[in-house]
$ cat data-v9.cif   # mmCIF, C-alpha atoms
data_entry
#
loop_
_atom_site.label_atom_id
_atom_site.label_comp_id
_atom_site.auth_asym_id
_atom_site.auth_seq_id
_atom_site.Cartn_x
_atom_site.Cartn_y
_atom_site.Cartn_z
CA MET A 1 21.95 -3.05 -13.97
CA THR A 2 21.83 -6.82 -14.37
CA ASN A 3 18.90 -8.83 -15.70
CA SER A 4 18.39 -10.32 -12.25
CA GLU A 5 18.23 -6.86 -10.69
CA GLN A 6 15.50 -5.87 -13.13
CA ILE A 7 13.41 -8.91 -12.22
CA GLU A 8 13.95 -8.32 -8.50
CA GLY A 9 12.97 -4.66 -8.82
CA LEU A 10 9.74 -5.56 -10.62
CA LEU A 11 8.87 -8.15 -8.00
CA PHE A 12 9.39 -5.56 -5.27
CA VAL A 13 7.20 -2.85 -6.78
CA ALA A 14 4.51 -5.38 -7.73
CA GLY A 15 3.98 -5.96 -4.01
CA ASP A 16 1.49 -8.51 -2.70
CA GLU A 17 -0.47 -8.47 -5.96
CA GLY A 18 2.48 -10.02 -7.75
CA ILE A 19 3.51 -9.90 -11.39
CA THR A 20 3.09 -12.34 -14.28
CA VAL A 21 5.72 -13.52 -16.74
CA ALA A 22 3.84 -11.65 -19.47
CA GLU A 23 4.05 -8.42 -17.48
CA ILE A 24 7.78 -8.93 -16.89
CA GLU A 25 8.23 -9.61 -20.60
CA HIS A 26 6.42 -6.37 -21.48
CA ALA A 27 8.48 -4.31 -19.00
CA THR A 28 11.91 -5.77 -19.83
CA GLY A 29 11.71 -7.13 -23.34
CA PHE A 30 13.20 -10.43 -22.13
CA ALA A 31 12.02 -13.68 -23.72
CA LYS A 32 9.77 -15.86 -21.56
CA PRO A 33 12.27 -18.74 -21.25
CA ALA A 34 14.90 -16.28 -20.01
CA ILE A 35 12.45 -14.81 -17.50
CA ASN A 36 11.59 -18.25 -16.15
CA THR A 37 15.30 -19.03 -15.77
CA LEU A 38 15.97 -15.73 -13.98
CA LEU A 39 13.03 -16.30 -11.61
CA THR A 40 14.27 -19.81 -10.82
CA GLU A 41 17.81 -18.55 -10.18
CA LEU A 42 16.57 -15.70 -8.00
CA ALA A 43 14.37 -18.05 -5.97
CA ALA A 44 17.33 -20.40 -5.46
CA LYS A 45 19.53 -17.48 -4.40
CA TYR A 46 17.04 -16.45 -1.69
CA ALA A 47 16.58 -20.05 -0.53
CA GLN A 48 20.33 -20.61 -0.15
CA ASP A 49 21.04 -17.30 1.58
CA ALA A 50 20.51 -17.79 5.31
CA ASP A 51 20.89 -14.03 5.85
CA SER A 52 18.03 -13.17 3.49
CA ALA A 53 14.46 -13.01 4.81
CA LEU A 54 13.02 -13.14 1.28
CA MET A 55 11.60 -15.87 -0.90
CA ILE A 56 9.58 -16.00 -4.14
CA LEU A 57 6.04 -17.40 -4.21
CA SER A 58 4.39 -18.57 -7.42
CA THR A 59 0.66 -19.07 -7.85
CA ALA A 60 -1.31 -19.23 -11.10
CA ASN A 61 1.67 -17.93 -13.11
CA THR A 62 1.94 -14.90 -10.81
CA TYR A 63 5.14 -14.30 -8.88
CA ARG A 64 5.56 -12.23 -5.72
CA LEU A 65 8.18 -11.52 -3.10
CA ALA A 66 7.38 -12.87 0.35
CA THR A 67 9.15 -13.36 3.66
CA LYS A 68 10.38 -16.71 4.96
CA SER A 69 8.46 -18.39 7.78
CA ASP A 70 11.49 -17.93 10.05
CA VAL A 71 10.76 -14.20 10.45
CA ALA A 72 7.00 -14.59 11.00
CA GLY A 73 7.30 -13.87 14.73
CA ILE A 74 9.04 -10.51 14.43
CA LEU A 75 6.76 -9.42 11.58
CA LYS A 76 3.69 -10.32 13.63
CA LYS A 77 4.89 -8.06 16.45
CA TYR A 78 5.49 -5.23 13.98
CA PHE A 79 2.11 -5.45 12.29
CA GLU A 80 0.12 -5.99 15.47
CA ALA A 81 1.23 -2.82 17.22
CA PRO A 82 -1.59 -1.62 19.52
CA LEU A 83 -3.95 1.06 18.24
CA SER A 84 -2.71 3.32 21.03
CA THR A 85 0.57 3.53 19.12
CA SER A 86 0.71 6.71 17.08
CA LEU A 87 0.25 6.22 13.37
CA SER A 88 3.25 7.05 11.21
CA GLN A 89 3.24 9.79 8.59
CA ALA A 90 3.11 7.12 5.88
CA SER A 91 0.12 5.44 7.53
CA LEU A 92 -1.72 8.75 7.82
CA GLU A 93 -1.03 9.52 4.16
CA VAL A 94 -2.36 6.16 3.00
CA LEU A 95 -5.38 6.36 5.31
CA ALA A 96 -6.24 9.84 4.07
CA ILE A 97 -5.99 8.81 0.42
CA ILE A 98 -8.13 5.71 0.96
CA ALA A 99 -10.69 7.64 3.01
CA TYR A 100 -11.23 10.23 0.27
CA ARG A 101 -10.80 8.08 -2.84
CA GLN A 102 -12.11 4.64 -1.84
CA PRO A 103 -12.38 2.10 -3.25
CA LEU A 104 -8.98 2.13 -4.94
CA THR A 105 -6.05 -0.20 -5.60
CA ARG A 106 -2.53 -0.23 -4.17
CA ILE A 107 -1.17 0.90 -7.51
CA GLU A 108 -3.46 3.93 -7.49
CA ILE A 109 -2.28 4.76 -3.96
CA ASP A 110 1.35 4.37 -5.07
CA GLU A 111 0.76 6.73 -8.00
CA ILE A 112 -0.72 9.40 -5.72
CA ARG A 113 2.04 9.12 -3.09
CA GLY A 114 4.90 8.51 -5.51
CA VAL A 115 6.27 5.68 -3.36
CA GLN A 116 5.52 1.98 -2.77
CA SER A 117 2.72 1.58 -0.20
CA GLY A 118 2.24 -2.19 0.05
CA SER A 119 3.66 -2.71 3.54
CA THR A 120 1.83 0.34 4.92
CA ILE A 121 -1.48 -0.92 3.53
CA GLN A 122 -0.84 -4.37 4.99
CA LYS A 123 -0.22 -2.91 8.42
CA LEU A 124 -3.41 -0.83 8.23
CA VAL A 125 -5.36 -3.95 7.21
CA LEU A 126 -3.98 -5.89 10.19
CA ARG A 127 -4.88 -2.98 12.46
CA GLN A 128 -8.41 -3.18 10.99
CA LEU A 129 -8.43 0.43 9.83
CA VAL A 130 -8.46 -0.62 6.15
CA THR A 131 -10.09 -3.62 4.50
CA GLU A 132 -10.38 -5.31 1.12
CA THR A 133 -13.65 -4.29 -0.52
CA GLY A 134 -13.41 -6.27 -3.78
CA ARG A 135 -11.30 -6.66 -6.90
CA LEU A 136 -11.15 -4.86 -10.24
CA SER A 137 -12.29 -6.80 -13.30
CA GLU A 138 -9.00 -6.44 -15.15
CA PRO A 139 -5.82 -8.47 -15.60
CA GLY A 140 -4.35 -9.46 -12.26
CA ARG A 141 -7.64 -8.72 -10.47
CA PRO A 142 -6.06 -6.02 -8.23
CA ILE A 143 -7.50 -5.67 -4.74
CA LEU A 144 -9.66 -2.64 -3.91
CA TYR A 145 -9.26 -1.07 -0.48
CA GLY A 146 -11.59 0.99 1.71
CA THR A 147 -11.84 2.13 5.31
CA THR A 148 -13.61 0.21 8.09
CA GLU A 149 -16.07 0.93 10.88
CA LEU A 150 -13.11 0.86 13.27
CA PHE A 151 -11.53 3.65 11.20
CA LEU A 152 -14.60 5.80 11.88
CA ASP A 153 -14.54 4.96 15.59
CA TYR A 154 -10.78 5.51 15.86
CA PHE A 155 -11.01 9.03 14.47
CA GLY A 156 -14.32 9.95 16.06
CA LEU A 157 -16.30 10.06 12.84
CA LYS A 158 -19.96 9.10 12.49
CA SER A 159 -19.59 8.57 8.75
CA LEU A 160 -17.26 9.43 5.87
CA ASP A 161 -19.43 12.51 5.32
CA ASP A 162 -17.78 13.95 8.44
CA LEU A 163 -14.42 14.17 6.67
CA PRO A 164 -13.49 17.79 5.91
CA ALA A 165 -14.00 18.92 2.33
CA ILE A 166 -11.01 19.08 -0.01
CA ASP A 167 -10.37 21.98 -2.36
CA LEU A 168 -10.44 19.85 -5.51
CA ALA A 169 -9.93 23.01 -7.60
CA ALA A 170 -6.34 23.02 -6.39
CA LEU A 171 -5.76 19.79 -8.29
CA THR A 172 -6.50 21.54 -11.58
CA ASP A 173 -4.58 24.72 -10.78
CA THR A 174 -1.93 24.58 -13.48
CA GLU A 175 -0.07 27.60 -12.09
CA HIS A 176 0.25 26.31 -8.51
CA PRO A 177 -0.67 22.62 -8.58
CA ALA A 178 -0.86 20.75 -5.28
CA PRO A 179 -0.12 17.03 -5.10
CA GLU A 180 -3.22 14.99 -4.24
CA THR A 181 -1.55 13.43 -1.24
CA ASP A 182 -0.92 16.91 0.23
CA LEU A 183 -4.58 17.85 -0.08
CA PHE A 184 -5.81 14.59 1.41
CA LEU A 185 -3.36 14.68 4.30
CA THR A 186 -3.92 18.37 5.07
CA ALA A 187 -7.67 17.90 5.31
CA PHE A 188 -7.22 14.74 7.35
CA GLN A 189 -4.80 16.39 9.77
CA ASP A 190 -7.17 19.34 10.13
CA LYS A 191 -9.78 16.85 11.28
CA LEU A 192 -7.33 15.29 13.76
CA ALA A 193 -6.34 18.73 15.05
CA GLY A 194 -10.00 19.53 15.60
CA MET A 195 -10.41 16.33 17.59
CA ASP A 196 -7.36 17.15 19.74
CA HIS A 197 -8.72 20.64 20.39
CA GLN A 198 -12.09 19.25 21.40
CA GLU A 199 -10.48 16.75 23.78
CA SER A 200 -8.35 19.48 25.43
CA GLU A 201 -11.47 21.57 26.08
CA GLU A 202 -13.16 18.60 27.73
#
$ encode --input "data-v9.cif" --output "structure tokens"
Amino acid sequence: MTNSEQIEGLLFVAGDEGITVAEIEHATGFAKPAINTLLTELAAKYAQDADSALMILSTANTYRLATKSDVAGILKKYFEAPLSTSLSQASLEVLAIIAYRQPLTRIEIDEIRGVQSGSTIQKLVLRQLVTETGRLSEPGRPILYGTTELFLDYFGLKSLDDLPAIDLAALTDTEHPAPETDLFLTAFQDKLAGMDHQESEE
């Protein structure tokens, strides 16, 4: 693995919150001048590659991967899919986690799911099912996410109290532990199944 690959990988997992030179230094052990050089070279590589949709943005010593303006049109179509479109498994997972654990950060969601969730969260924000509720008072000021009123309407809930209870004891069952995301999603899908059943009776 090259030094450039390490920087690129960190930029990817940092998502829209970005990563600072100090954080890259801590993760890689590279000296700051070397990191700045690698970031400059990587940014130039993206800029010169007409087949790459990526670019690097830098604000307040924080670096993040972004997409070039050329692909804005196709991304807008992707993120603005109508609410009548069925939500993906990934979207349901993220929604369930946020619904039960809000407010929480993208990193916390990633840790629960075990995969990067930035693009899924962004799509849910654009579909107005999830919203930014504030920021943590810690380095990087990570964004906190929560569900919206539209989320309640979309799933036929009067309040978050209508969400089915989760067997939290299963999380501490050392003999047969269940991943948090499984518990959240199972309870959430039970709620959806109940809604479907009610609609079929009507």
$ closest_residue --input "data-v9.cif" --among "A:Asp70, A:Thr147, A:Tyr78, A:Glu17" --to "Ile97 of chain A" --atoms "all atoms listed in the file"
A:Thr147
$ residues_around --input "data-v9.cif" --residues "Ile24 of chain A" --least-positions-apart "3" --cutoff "12 Å" --atoms "all atoms listed in the file" --output "JSON, numbers by chain"
{"A": [3, 4, 6, 7, 8, 9, 10, 11, 13, 14, 18, 19, 20, 21, 27, 28, 29, 30, 31, 32, 33, 34, 35, 36, 38, 39, 61, 62, 63, 64]}
$ atom_distance --input "data-v9.cif" --atom1 "atom CA of Arg106 of chain A" --atom2 "atom CA of Gly118 of chain A"
6.7 Å
$ residues_around --input "data-v9.cif" --residues "segment 131-133 of chain A" --least-positions-apart "5" --cutoff "7 Å" --atoms "all atoms listed in the file" --output "mmCIF file with C-alpha atoms, keeping the file's coordinate frame"
data_model
loop_
_atom_site.group_PDB
_atom_site.id
_atom_site.type_symbol
_atom_site.label_atom_id
_atom_site.label_comp_id
_atom_site.auth_asym_id
_atom_site.auth_seq_id
_atom_site.Cartn_x
_atom_site.Cartn_y
_atom_site.Cartn_z
ATOM 1 C CA VAL A 125 -5.360 -3.950 7.210
ATOM 2 C CA ILE A 143 -7.500 -5.670 -4.740
ATOM 3 C CA LEU A 144 -9.660 -2.640 -3.910
ATOM 4 C CA TYR A 145 -9.260 -1.070 -0.480
ATOM 5 C CA GLY A 146 -11.590 0.990 1.710
ATOM 6 C CA THR A 147 -11.840 2.130 5.310
ATOM 7 C CA THR A 148 -13.610 0.210 8.090
#
$ residues_around --input "data-v9.cif" --residues "Ile121 of chain A" --least-positions-apart "2" --cutoff "10 Å" --atoms "only C-alpha atoms" --output "PyMOL selection string"
chain A and resi 90-91+94-95+98+106+109+116-119+123-127+129-131+145
$ residues_around --input "data-v9.cif" --residues "Pro142 of chain A" --least-positions-apart "5" --cutoff "9 Å" --atoms "all atoms listed in the file" --output "list in words"
Glu17, Thr105, Arg106, Ile107, Gly134, Arg135, Leu136 and Ser137 of chain A
$ atom_distance --input "data-v9.cif" --atom1 "atom CA of Ala66 of chain A" --atom2 "atom CA of Ala50 of chain A"
14.9 Å
$ closest_residue --input "data-v9.cif" --among "A:Ser58, A:Met1, A:Asp161, A:Thr120" --to "Leu92 of chain A" --atoms "all atoms listed in the file"
A:Thr120
$ atom_distance --input "data-v9.cif" --atom1 "atom CA of Leu65 of chain A" --atom2 "atom CA of Glu108 of chain A"
19.8 Å
$ closest_residue --input "data-v9.cif" --among "A:Ser52, A:Ser69, A:Gln89, A:Thr40" --to "Arg113 of chain A" --atoms "only C-alpha atoms"
A:Gln89
$ closest_residue --input "data-v9.cif" --among "A:Leu42, A:Thr2, A:Leu163, A:Gln128" --to "Glu149 of chain A" --atoms "all atoms listed in the file"
A:Gln128
$ closest_residue --input "data-v9.cif" --among "A:Ala96, A:Ala60, A:Pro164, A:Ala43" --to "Phe151 of chain A" --atoms "all atoms listed in the file"
A:Ala96
$ closest_residue --input "data-v9.cif" --among "A:Val71, A:Lys76, A:Ala99, A:Glu5" --to "Ser159 of chain A" --atoms "only C-alpha atoms"
A:Ala99
$ decode --input "data-v9.cif" --residues "segment 29-58 of chain A" --atoms "N, CA, C and O atoms" --output "CSV table (one decimal), in the first residue's frame"
chain,number,residue,atom,x,y,z
A,29,GLY,N,1.4,8.3,10.9
A,29,GLY,CA,2.8,8.5,11.4
A,29,GLY,C,3.6,9.3,10.4
A,29,GLY,O,4.8,9.5,10.7
A,30,PHE,N,3.0,9.8,9.3
A,30,PHE,CA,3.7,10.7,8.4
A,30,PHE,C,4.0,12.0,9.0
A,30,PHE,O,3.2,12.5,9.8
A,31,ALA,N,5.0,12.7,8.6
A,31,ALA,CA,5.3,14.1,9.0
A,31,ALA,C,4.4,15.0,8.3
A,31,ALA,O,3.9,14.7,7.1
A,32,LYS,N,4.1,16.1,8.9
A,32,LYS,CA,3.1,17.1,8.3
A,32,LYS,C,3.5,17.6,6.9
A,32,LYS,O,2.6,17.7,6.0
A,33,PRO,N,4.8,17.9,6.7
A,33,PRO,CA,5.2,18.4,5.4
A,33,PRO,C,4.9,17.3,4.3
A,33,PRO,O,4.5,17.6,3.2
A,34,ALA,N,5.1,16.0,4.7
A,34,ALA,CA,4.9,14.9,3.7
A,34,ALA,C,3.4,14.8,3.4
A,34,ALA,O,3.0,14.5,2.3
A,35,ILE,N,2.6,15.0,4.5
A,35,ILE,CA,1.1,14.9,4.3
A,35,ILE,C,0.6,16.0,3.4
A,35,ILE,O,-0.2,15.7,2.5
A,36,ASN,N,1.1,17.2,3.6
A,36,ASN,CA,0.7,18.3,2.7
A,36,ASN,C,1.1,18.1,1.3
A,36,ASN,O,0.3,18.4,0.4
A,37,THR,N,2.3,17.5,1.1
A,37,THR,CA,2.7,17.2,-0.3
A,37,THR,C,1.8,16.1,-0.9
A,37,THR,O,1.4,16.2,-2.1
A,38,LEU,N,1.5,15.1,-0.1
A,38,LEU,CA,0.7,14.0,-0.7
A,38,LEU,C,-0.7,14.5,-1.0
A,38,LEU,O,-1.3,14.1,-2.0
A,39,LEU,N,-1.3,15.4,-0.2
A,39,LEU,CA,-2.6,15.9,-0.4
A,39,LEU,C,-2.6,16.8,-1.7
A,39,LEU,O,-3.5,16.7,-2.5
A,40,THR,N,-1.5,17.6,-1.9
A,40,THR,CA,-1.4,18.4,-3.1
A,40,THR,C,-1.3,17.5,-4.3
A,40,THR,O,-2.0,17.8,-5.3
A,41,GLU,N,-0.5,16.5,-4.2
A,41,GLU,CA,-0.3,15.6,-5.4
A,41,GLU,C,-1.6,14.8,-5.7
A,41,GLU,O,-2.0,14.7,-6.9
A,42,LEU,N,-2.3,14.4,-4.7
A,42,LEU,CA,-3.6,13.7,-4.9
A,42,LEU,C,-4.6,14.6,-5.5
A,42,LEU,O,-5.4,14.2,-6.4
A,43,ALA,N,-4.7,15.9,-5.0
A,43,ALA,CA,-5.6,16.8,-5.6
A,43,ALA,C,-5.3,17.1,-7.0
A,43,ALA,O,-6.3,17.2,-7.9
A,44,ALA,N,-4.0,17.2,-7.4
A,44,ALA,CA,-3.6,17.5,-8.8
A,44,ALA,C,-4.0,16.3,-9.6
A,44,ALA,O,-4.4,16.4,-10.8
A,45,LYS,N,-3.8,15.1,-9.1
A,45,LYS,CA,-4.2,13.8,-9.8
A,45,LYS,C,-5.6,13.8,-10.2
A,45,LYS,O,-6.0,13.5,-11.3
A,46,TYR,N,-6.5,14.1,-9.2
A,46,TYR,CA,-7.9,14.2,-9.5
A,46,TYR,C,-8.3,15.3,-10.5
A,46,TYR,O,-9.1,15.0,-11.4
A,47,ALA,N,-7.7,16.4,-10.4
A,47,ALA,CA,-8.0,17.5,-11.3
A,47,ALA,C,-7.6,17.2,-12.7
A,47,ALA,O,-8.3,17.7,-13.7
A,48,GLN,N,-6.5,16.5,-12.9
A,48,GLN,CA,-6.0,16.2,-14.2
A,48,GLN,C,-6.7,15.0,-14.9
A,48,GLN,O,-6.5,14.8,-16.1
A,49,ASP,N,-7.4,14.2,-14.1
A,49,ASP,CA,-8.0,13.0,-14.6
A,49,ASP,C,-9.4,13.3,-15.0
A,49,ASP,O,-10.3,13.4,-14.2
A,50,ALA,N,-9.6,13.4,-16.3
A,50,ALA,CA,-11.0,13.7,-16.8
A,50,ALA,C,-12.0,12.6,-16.6
A,50,ALA,O,-13.2,12.8,-16.6
A,51,ASP,N,-11.5,11.4,-16.3
A,51,ASP,CA,-12.4,10.2,-16.0
A,51,ASP,C,-12.7,10.1,-14.5
A,51,ASP,O,-13.4,9.2,-14.2
A,52,SER,N,-12.1,10.9,-13.7
A,52,SER,CA,-12.4,10.9,-12.3
A,52,SER,C,-13.4,11.9,-11.9
A,52,SER,O,-13.4,13.1,-12.3
A,53,ALA,N,-14.4,11.5,-11.1
A,53,ALA,CA,-15.5,12.5,-10.6
A,53,ALA,C,-15.1,13.1,-9.3
A,53,ALA,O,-15.8,13.9,-8.8
A,54,LEU,N,-13.9,12.8,-8.8
A,54,LEU,CA,-13.5,13.3,-7.5
A,54,LEU,C,-12.6,14.5,-7.5
A,54,LEU,O,-11.9,14.8,-8.5
A,55,MET,N,-12.7,15.2,-6.4
A,55,MET,CA,-11.8,16.3,-6.1
A,55,MET,C,-11.6,16.4,-4.6
A,55,MET,O,-12.3,15.7,-3.8
A,56,ILE,N,-10.6,17.2,-4.2
A,56,ILE,CA,-10.4,17.4,-2.7
A,56,ILE,C,-10.7,18.8,-2.4
A,56,ILE,O,-10.2,19.8,-3.0
A,57,LEU,N,-11.5,19.0,-1.4
A,57,LEU,CA,-11.8,20.3,-0.8
A,57,LEU,C,-11.1,20.6,0.5
A,57,LEU,O,-10.9,19.6,1.3
A,58,SER,N,-10.6,21.8,0.7
A,58,SER,CA,-9.9,22.1,1.9
A,58,SER,C,-10.5,23.4,2.5
A,58,SER,O,-10.6,24.4,1.8
